[in-house]
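**Student:** Input: one structure, supplied below.
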Amino acid sequence: MKWKAIVAATVLAGVAFGSVVAADGTHDSRIALMKKVGGAAGALGAIAKGDKPYDASVVKAALMTIAENAKAFPDHFGPNSDKTDAEVNPKVWDNLDDFKAKANKLSSDAEVALAQLPADQAGVGAALKTLGGNCGACHQAYRITKN
């Protein structure tokens with residue numbers, strides 16, 4: 001049981017630290033936030049696939065990580081941020097309102113899932129499907145992938 005508390009505390013500390021430190025709008029700060037979201041989605045995916053057993057504390061921590069990081073992410077694309085990042089489509093700054101709306105939708109949907117905490121593997125899968133759709137919509141519009 002103690003390891004679950006340690007994992008939850010580590011995730012929460014990472015969210016708080018990342019929100020404060022990473023708002024400089026650099027490539028590294030953006031990647032750090034996305035890695036947190038990716039790690040949280042991975043934890044949910046492992047439960048949804050049945051690779052890991054359902055654990056409400058893990059689900060709660062993952063959803064909280066996604067909600068908080070998605071909420072903070074648009075702050076990394078301000079007017080003084082690094083606009084030379086080769087992995088960011090310049091359309092982000094041209095369509096900043098849409099970009100922010102997509103991030104806010106991800107955060108909001110994660111908060112809804114958190115409030116209605118999935119109670120089993122199927123519920124986690126359904127929540128992950130919604131959240132993954134949000135991630136995909138933003139990536140499709142604004143991410144430049146490496147070849």
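Residues in the structure tokens are named by chain (A, B, ... in the order shown) and by number from 1 within that chain; ligands are numbered from 1 in the order shown.
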Might you pull out every residue within 7 Å of Tyr54 of chain A, with only C-alpha atoms counted and same-chain residues fewer than 6 positions away left off, and present them as JSON, numbers by chain?
**Tutor:** {"A": [47, 120, 121]}
**Student:** Using the selection just defined, write its residues with N, CA, C and O atoms as a PDB file, in the first residue's frame.
**Tutor:**
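Contents of the output file result09.pdb:
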```pdb
ATOM      1  N   ILE A  47      -3.793  -0.523 -17.864  1.00  0.00           N
ATOM      2  CA  ILE A  47      -4.984  -1.018 -17.162  1.00  0.00           C
ATOM      3  C   ILE A  47      -6.068  -1.382 -18.176  1.00  0.00           C
ATOM      4  O   ILE A  47      -6.696  -2.439 -18.080  1.00  0.00           O
ATOM      5  N   ASP A 120     -13.519   0.332 -13.306  1.00  0.00           N
ATOM      6  CA  ASP A 120     -12.985  -0.952 -13.758  1.00  0.00           C
ATOM      7  C   ASP A 120     -12.199  -0.769 -15.059  1.00  0.00           C
ATOM      8  O   ASP A 120     -12.094   0.345 -15.579  1.00  0.00           O
ATOM      9  N   GLN A 121     -11.687  -1.870 -15.556  1.00  0.00           N
ATOM     10  CA  GLN A 121     -10.874  -1.865 -16.775  1.00  0.00           C
ATOM     11  C   GLN A 121     -11.640  -1.262 -17.951  1.00  0.00           C
ATOM     12  O   GLN A 121     -11.095  -0.446 -18.704  1.00  0.00           O
TER      13      GLN A 121
END
```
**Student:** Looking only at helix (DSSP H, G or I) from DSSP on the backbone, list the matching residues of chain A as a ChimeraX atom specification.
**Tutor:** /A:2-21,27-49,56-77,91-94,96-115,121-142
**Student:** I'd like to know which of A:Asp28, A:Glu68, A:Asp94, A:Asp109 is closest to Asp82 of chain A, using only C-alpha atoms.
**Tutor:**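 Among the listed residues, the smallest separation from Asp82 of chain A belongs to A:Asp28.
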**Student:** Which residue gives the smallest distance to Lys71 of chain A among A:Asn134, A:Thr26, A:Ser108, A:Ser57, with only C-alpha atoms counted?
**Tutor:**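 Closest candidate: A:Ser108.
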**Student:** Please provide as number ranges by chain all residues within 9 Å of Ala56 of chain A, with the sequence filter that same-chain residues fewer than 5 positions apart are discarded (counting only C-alpha atoms).
**Tutor:** A: 61, 117-120
**Student:** Write the selection just made, keeping N, CA, C and O atoms, as a tab-separated table (two decimals), in the first residue's frame?
**Tutor:**
```tsv
chain	number	residue	atom	x	y	z
A	61	ALA	N	-4.42	9.25	-10.14
A	61	ALA	CA	-3.17	10.00	-10.33
A	61	ALA	C	-2.93	10.29	-11.81
A	61	ALA	O	-2.51	11.40	-12.18
A	117	LEU	N	-14.77	8.82	-11.58
A	117	LEU	CA	-13.66	7.89	-11.63
A	117	LEU	C	-14.07	6.52	-12.19
A	117	LEU	O	-14.96	5.86	-11.64
A	118	PRO	N	-13.45	6.11	-13.29
A	118	PRO	CA	-13.75	4.79	-13.84
A	118	PRO	C	-13.56	3.72	-12.76
A	118	PRO	O	-12.56	3.75	-12.03
A	119	ALA	N	-14.49	2.79	-12.70
A	119	ALA	CA	-14.48	1.80	-11.63
A	119	ALA	C	-13.89	0.46	-12.03
A	119	ALA	O	-13.77	-0.43	-11.19
A	120	ASP	N	-13.52	0.33	-13.31
A	120	ASP	CA	-12.98	-0.95	-13.76
A	120	ASP	C	-12.20	-0.77	-15.06
A	120	ASP	O	-12.09	0.34	-15.58
```
**Student:** Which residues are near segment 37-45 of chain A? Cut-off 10 Å, only C-alpha atoms, ignore same chain within fewer than 6 positions. Put them as a PyMOL selection string.
**Tutor:** chain A and resi 11+15+31+51-52+54-55+58-70+121+124-125+127-129+131-132+135
